[in-house]
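Novice: Take a look at this one; I'll ask things after.
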Amino acid sequence: MYSIAVLPGDGIGPEITVQALKVLNAVSRRFNRVFNFAEAPVGGAAYDLTGHPLPPETLDLCRKSHAILLGAVGGPKWDNLPAHLRPEAGALLPLRKELGLFANLRPARVFPALVDASTLKPEVVEGLDLLVVRELTGGLYFGQKYRETLPGGTVKVVDTLEYTTPEIERITRMAFELARKRRRKVSSVDKANVLESSRLWREVVTAVAKDYPDVELDHMYVDNCAMQLVKSPKQFDVLLTENMFGDILSDQASMLSGSLGMLASASIGGKIGLYEPSHGSAPKYAGQQRANPIATILSAAMMLRYSLDLEAEADAVERAVTMALDAGYRTADIMEPGKIQVDTVQMGDRIAEQVAAGA
Ligand code: IPM
Ligand code: MG
């Protein structure tokens, strides 16, 4: 039996999470697995209910589970709360930190059926398969920060970008281990021509790489990487980078695959993994059943693979997504002429049916 904490969160979070649960239930029936889902509030929804975006009960439930499936958090309604009560800074970041989830994996793949959905030319993205490995519990997100008003009224702010050698080392090892299961190439992204933190990053990555002589390593400045990602993205296999650069580059990488609604993510490194789509809560689409549930469904597949060790089940979910797309079903974000437009629920249904049918 596998216990899974389900945190639907805000905006489109609840509606996409339900679709992932539907697909997991189809997996459960077909493969005879017992998933025990326990739901808890997080983000703005939790703030409204309890006065805090990450109630202790929610964190307890997460710690007791085998894995966590999260929808999305945040929305304009909670944007003006003090930082520690905002859904992002008060729930998502502490959840990552508390559970030791230092590695965020974001695979950007182009499904053959979606080659034309990308804004880039088909020949640029066809066959693309890269993995962003983003450091998730350090850097600017967690460094000291403050705001002060100087005499005369000038406001001064400080955000600090901190890293230590062990923090860089463990994420680098993770990237190299993952590269060994792929095309054996790591591109480490930094800004070593300007930032001291990037200089240390490059030193540590270079040193760790000596333990992986079978994996090719190159270093790239982040501005160049942003350019290369749209120029020739197929040169990348594993893209290793610090927290903030990874946040930005992974959104960019997602568009190569047609839509941010396709980008799954796994946050691992601690005892319990957290799985969530890379996109946000899209408040303006909330409740309309318009959102693409595929990023969340693919995140559930990553959960099966990385936290529950259910490889065949994970493959089945990924194949089911491919088959639903091959059959022509598209949510609004990836819709093209001649395809069949479906809503969030229908896309979930089509994918769950494929799992049931033996995808
Ligand atoms: C992401 C998101 C979060 C981040 C936000 C919601 C805090 O953009 O997971 O990429 O910046 O890490
Ligand atoms: Mg982001």
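Labels used: A, B, ... for chains in the order of the structure tokens, numbers from 1 for residues in each chain, and numbers from 1 for ligands as shown.
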When the cut-off is 10 Å and you count only C-alpha atoms and all ligand atoms, which residues lie near ligand 1, shown as a ChimeraX atom specification?
Specialist: /A:72-75,86-93,96,104,106,134,136-137,141,243-251,265,267,276-281
Novice: Fewer than 6 positions away in the same chain doesn't count, so skip those; otherwise give me all residues within 12 Å of Glu126 (chain A), counting only C-alpha atoms, as a PyMOL selection string.
Specialist: chain A and resi 108-118+120+232-234+256-258
Novice: Save the residues we just selected, all heavy atoms, as a compact mmCIF listing (two decimals), in the first residue's frame?
Specialist:
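This went into out-v2.txt:
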```txt
# COMPACT_ATOMS: atom_id res chain seq x y z
N ALA A 108 11.84 18.27 -20.23
CA ALA A 108 11.14 18.88 -21.38
C ALA A 108 11.33 17.95 -22.57
O ALA A 108 12.45 17.73 -23.01
CB ALA A 108 11.71 20.25 -21.67
N ARG A 109 10.22 17.37 -23.00
CA ARG A 109 10.24 16.41 -24.10
C ARG A 109 9.25 16.88 -25.13
O ARG A 109 8.21 17.43 -24.77
CB ARG A 109 9.72 15.06 -23.57
CG ARG A 109 10.75 14.01 -23.40
CD ARG A 109 10.10 12.66 -23.16
NE ARG A 109 8.95 12.72 -22.30
CZ ARG A 109 8.91 12.23 -21.06
NH1 ARG A 109 9.96 11.68 -20.54
NH2 ARG A 109 7.81 12.31 -20.34
N VAL A 110 9.55 16.64 -26.38
CA VAL A 110 8.57 16.99 -27.40
C VAL A 110 7.86 15.72 -27.84
O VAL A 110 8.47 14.83 -28.44
CB VAL A 110 9.23 17.70 -28.59
CG1 VAL A 110 8.22 17.90 -29.70
CG2 VAL A 110 9.78 19.04 -28.15
N PHE A 111 6.59 15.62 -27.52
CA PHE A 111 5.81 14.48 -28.00
C PHE A 111 5.66 14.63 -29.51
O PHE A 111 5.35 15.73 -29.99
CB PHE A 111 4.43 14.45 -27.33
CG PHE A 111 4.49 14.03 -25.89
CD1 PHE A 111 4.75 14.94 -24.88
CD2 PHE A 111 4.30 12.69 -25.55
CE1 PHE A 111 4.82 14.54 -23.55
CE2 PHE A 111 4.37 12.28 -24.22
CZ PHE A 111 4.63 13.21 -23.22
N PRO A 112 5.86 13.53 -30.26
CA PRO A 112 5.78 13.62 -31.72
C PRO A 112 4.50 14.33 -32.19
O PRO A 112 4.55 15.16 -33.11
CB PRO A 112 5.80 12.16 -32.17
CG PRO A 112 6.55 11.45 -31.08
CD PRO A 112 6.23 12.17 -29.80
N ALA A 113 3.38 14.05 -31.53
CA ALA A 113 2.11 14.64 -31.97
C ALA A 113 2.10 16.16 -31.79
O ALA A 113 1.27 16.86 -32.37
CB ALA A 113 0.95 14.01 -31.21
N LEU A 114 3.01 16.68 -30.96
CA LEU A 114 2.97 18.11 -30.64
C LEU A 114 4.09 18.92 -31.31
O LEU A 114 4.29 20.08 -30.97
CB LEU A 114 3.05 18.32 -29.12
CG LEU A 114 1.84 17.85 -28.33
CD1 LEU A 114 1.97 18.28 -26.88
CD2 LEU A 114 0.53 18.38 -28.91
N VAL A 115 4.79 18.29 -32.24
CA VAL A 115 5.90 18.98 -32.89
C VAL A 115 5.47 20.35 -33.43
O VAL A 115 6.20 21.33 -33.34
CB VAL A 115 6.49 18.11 -34.01
CG1 VAL A 115 7.38 18.91 -34.93
CG2 VAL A 115 7.28 16.96 -33.41
N ASP A 116 4.25 20.42 -33.95
CA ASP A 116 3.80 21.68 -34.54
C ASP A 116 3.20 22.64 -33.51
O ASP A 116 2.86 23.77 -33.84
CB ASP A 116 2.79 21.41 -35.65
CG ASP A 116 3.46 20.72 -36.83
OD1 ASP A 116 4.54 21.19 -37.25
OD2 ASP A 116 2.93 19.70 -37.31
N ALA A 117 3.04 22.17 -32.28
CA ALA A 117 2.44 23.05 -31.26
C ALA A 117 3.47 24.02 -30.70
O ALA A 117 3.13 25.05 -30.11
CB ALA A 117 1.85 22.21 -30.13
N SER A 118 4.74 23.71 -30.88
CA SER A 118 5.78 24.61 -30.37
C SER A 118 5.80 25.88 -31.20
O SER A 118 5.46 25.88 -32.37
CB SER A 118 7.14 23.93 -30.44
OG SER A 118 8.15 24.84 -30.07
N LEU A 120 8.51 27.21 -31.90
CA LEU A 120 9.73 27.10 -32.70
C LEU A 120 9.48 26.17 -33.89
O LEU A 120 8.54 25.38 -33.90
CB LEU A 120 10.87 26.55 -31.85
CG LEU A 120 11.29 27.40 -30.66
CD1 LEU A 120 12.52 26.84 -30.00
CD2 LEU A 120 11.52 28.85 -31.06
N SER A 232 19.33 26.09 -30.56
CA SER A 232 19.50 24.65 -30.85
C SER A 232 19.36 23.84 -29.57
O SER A 232 20.33 23.36 -29.00
CB SER A 232 20.85 24.39 -31.53
OG SER A 232 21.90 24.94 -30.77
N PRO A 233 18.12 23.68 -29.13
CA PRO A 233 17.87 23.04 -27.83
C PRO A 233 18.25 21.56 -27.79
O PRO A 233 18.44 21.02 -26.71
CB PRO A 233 16.35 23.22 -27.64
CG PRO A 233 15.80 23.46 -29.00
CD PRO A 233 16.88 24.15 -29.77
N LYS A 234 18.37 20.93 -28.95
CA LYS A 234 18.67 19.49 -28.93
C LYS A 234 20.10 19.19 -28.51
O LYS A 234 20.45 18.04 -28.30
CB LYS A 234 18.34 18.87 -30.29
CG LYS A 234 16.83 18.64 -30.45
CD LYS A 234 16.49 17.85 -31.68
CE LYS A 234 16.20 18.78 -32.85
NZ LYS A 234 15.74 18.06 -34.04
N LEU A 256 9.39 24.78 -25.39
CA LEU A 256 9.89 23.98 -26.50
C LEU A 256 8.96 22.80 -26.75
O LEU A 256 8.78 22.34 -27.86
CB LEU A 256 11.31 23.46 -26.19
CG LEU A 256 12.35 24.53 -25.83
CD1 LEU A 256 13.61 23.87 -25.31
CD2 LEU A 256 12.66 25.40 -27.04
N SER A 257 8.35 22.33 -25.65
CA SER A 257 7.48 21.16 -25.78
C SER A 257 6.05 21.56 -26.09
O SER A 257 5.15 20.73 -26.06
CB SER A 257 7.54 20.32 -24.51
OG SER A 257 7.14 21.11 -23.41
N GLY A 258 5.82 22.81 -26.39
CA GLY A 258 4.50 23.23 -26.85
C GLY A 258 3.74 24.08 -25.86
O GLY A 258 3.03 24.99 -26.24
```
Novice: Write out as a ChimeraX atom specification the set of residues from region 54-115 of chain A that DSSP, computed on the backbone, places in helix (DSSP H, G or I).
Specialist: /A:56-64,76-78,83-85,87-98,112-115
Novice: Selection from above, C-alpha atoms, as a compact mmCIF listing (two decimals), in the first residue's frame, can you write it?
Specialist:
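Written out: part.txt:
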```txt
# COMPACT_ATOMS: atom_id res chain seq x y z
CA PRO A 56 1.24 21.89 10.81
CA GLU A 57 -1.32 19.15 10.06
CA THR A 58 -0.52 19.41 6.36
CA LEU A 59 3.21 19.15 6.98
CA ASP A 60 2.62 16.18 9.33
CA LEU A 61 0.57 14.40 6.69
CA CYS A 62 3.35 14.96 4.15
CA ARG A 63 5.96 13.53 6.49
CA LYS A 64 3.85 10.40 7.08
CA PRO A 76 -3.91 37.66 -6.46
CA LYS A 77 -6.15 37.28 -3.42
CA TRP A 78 -3.11 36.48 -1.23
CA ALA A 83 5.77 37.18 3.04
CA HIS A 84 5.49 34.40 5.65
CA LEU A 85 1.75 34.09 4.97
CA PRO A 87 1.29 30.84 -0.51
CA GLU A 88 4.66 30.79 -2.32
CA ALA A 89 7.00 32.05 0.41
CA GLY A 90 4.92 30.72 3.31
CA ALA A 91 4.03 27.25 2.01
CA LEU A 92 5.82 26.07 -1.12
CA LEU A 93 9.33 27.18 -0.21
CA PRO A 94 9.13 25.94 3.42
CA LEU A 95 7.72 22.63 2.18
CA ARG A 96 10.71 22.20 -0.12
CA LYS A 97 13.14 23.23 2.63
CA GLU A 98 11.56 21.25 5.48
CA PRO A 112 5.78 13.62 -31.72
CA ALA A 113 2.11 14.64 -31.97
CA LEU A 114 2.97 18.11 -30.64
CA VAL A 115 5.90 18.98 -32.89
```
Novice: If you run DSSP on this backbone, which residues of region 71-134 of chain A come out as strand (DSSP E), and could you give them as a PyMOL selection string?
Specialist: chain A and resi 71-72+103-109+129-134
Novice: Point out the residue among A:Lys156, A:Lys181, A:Arg305, A:Lys121 with the least atom-to-atom distance to Val317 (chain A), counting only C-alpha atoms.
Specialist: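 So, comparing all the options, the nearest one is A:Arg305.
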Novice: Please determine, counting only C-alpha atoms and all ligand atoms, which residue among A:Val238, A:Leu178, A:Leu298, A:Ala253 has the shortest atom-to-atom distance to ligand 2.
Specialist: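 Closest to ligand 2, using only C-alpha atoms and all ligand atoms: A:Ala253.
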Novice: Between CA of Ala46 (chain A) and CA of Asp10 (chain A), what distance in Å does the model show, to one decimal?
Specialist: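 Between these atoms lies a distance of 9.1 Å.
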Novice: Which residue is closest to Gly9 (chain A)? Choose from A:Asn25, A:Asp129, A:Gln288, A:Ala282 and count only C-alpha atoms.
Specialist: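 Under the stated criterion, the closest residue is A:Ala282.
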Novice: How many Å separate CA of Glu167 (chain A) from CA of Leu69 (chain A)?
Specialist: 25.0 Å
Novice: Hey, what's within 7 Å of region 212-220 of chain A if we count only C-alpha atoms and toss same-chain stuff fewer than 5 positions away? As a VMD selection string, please?
Specialist: chain A and resid 180 184 to 190 225
Novice: Create the file for the chosen residues now, containing N, CA, C and O atoms and written as a CSV table (one decimal), in the first residue's frame.
Specialist:
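After the write, result.csv holds the following:
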```
chain,number,residue,atom,x,y,z
A,180,ARG,N,23.8,9.6,-16.5
A,180,ARG,CA,24.2,8.2,-16.8
A,180,ARG,C,23.1,7.3,-17.3
A,180,ARG,O,23.3,6.4,-18.0
A,184,ARG,N,24.3,10.9,-21.3
A,184,ARG,CA,25.6,11.1,-20.7
A,184,ARG,C,26.3,12.5,-21.0
A,184,ARG,O,27.4,12.6,-21.3
A,185,LYS,N,25.4,13.5,-20.9
A,185,LYS,CA,26.0,14.8,-21.1
A,185,LYS,C,25.4,15.8,-20.1
A,185,LYS,O,24.2,15.9,-19.9
A,186,VAL,N,26.3,16.5,-19.3
A,186,VAL,CA,25.8,17.5,-18.4
A,186,VAL,C,26.2,18.9,-18.9
A,186,VAL,O,27.4,19.1,-19.1
A,187,SER,N,25.3,19.8,-19.0
A,187,SER,CA,25.7,21.2,-19.2
A,187,SER,C,25.4,22.0,-17.9
A,187,SER,O,24.2,22.1,-17.5
A,188,SER,N,26.4,22.5,-17.3
A,188,SER,CA,26.3,23.3,-16.1
A,188,SER,C,26.2,24.7,-16.4
A,188,SER,O,27.0,25.3,-17.1
A,189,VAL,N,25.1,25.4,-15.9
A,189,VAL,CA,24.9,26.7,-16.2
A,189,VAL,C,25.2,27.7,-15.1
A,189,VAL,O,24.7,27.4,-13.9
A,190,ASP,N,25.9,28.7,-15.3
A,190,ASP,CA,26.3,29.7,-14.3
A,190,ASP,C,26.5,31.1,-14.8
A,190,ASP,O,26.2,31.3,-16.0
A,225,CYS,N,23.0,30.3,-22.4
A,225,CYS,CA,22.2,29.1,-22.3
A,225,CYS,C,20.7,29.5,-22.8
A,225,CYS,O,20.1,28.8,-23.5
```
Novice: Give me, as JSON, numbers by chain, all polymer residues having an atom no more than 9 Å from Pro293 (chain A), counting only C-alpha atoms and skipping those fewer than 4 positions away in the same chain.
Specialist: {"A": [15, 16, 17, 18, 19, 20, 261, 262, 277, 297, 298, 331, 344, 345, 347, 348]}
Novice: Calculated over only C-alpha atoms and all ligand atoms, which of the candidates A:Gln252, A:Trp201, A:Pro151, A:Gly71 has the smallest distance to ligand 2?
Specialist: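 Comparing A:Gln252, A:Trp201, A:Pro151, A:Gly71 against ligand 2, the winner is A:Gln252.
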Novice: Pick out the closest residue to ligand 2 from this set: A:Ala264, A:Met302, A:Leu325, A:Val157. Count only C-alpha atoms and all ligand atoms.
Specialist: A:Ala264
Novice: Pick out the closest residue to ligand 2 from this set: A:Leu260, A:Ala226, A:Leu99, A:Leu128. Count only C-alpha atoms and all ligand atoms.
Specialist: A:Leu260
Novice: If we count only C-alpha atoms, what is near region 320-322 of chain A at a cut-off of 7 Å, once residues fewer than 4 positions away on the same chain are taken out, given as a list in words?
Specialist: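 With the cut-off at 7 Å, the set is Phe111, Ala316, Asp326, Ile351, Gln354, Val355 and Ala359 of chain A.
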Novice: What lies within 8 Å of Ser307 (chain A) using only C-alpha atoms, ignoring chain neighbours under 3 positions off, as a list of chain:residue names?
Specialist: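 That gives A:His66, A:Ala67, A:Ile272, A:Gly273, A:Met302, A:Met303, A:Leu304.
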Novice: Separation of CA of Phe102 (chain A) and CA of Gly11 (chain A), in Å?
Specialist: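 These two atoms are separated by 25.7 Å.
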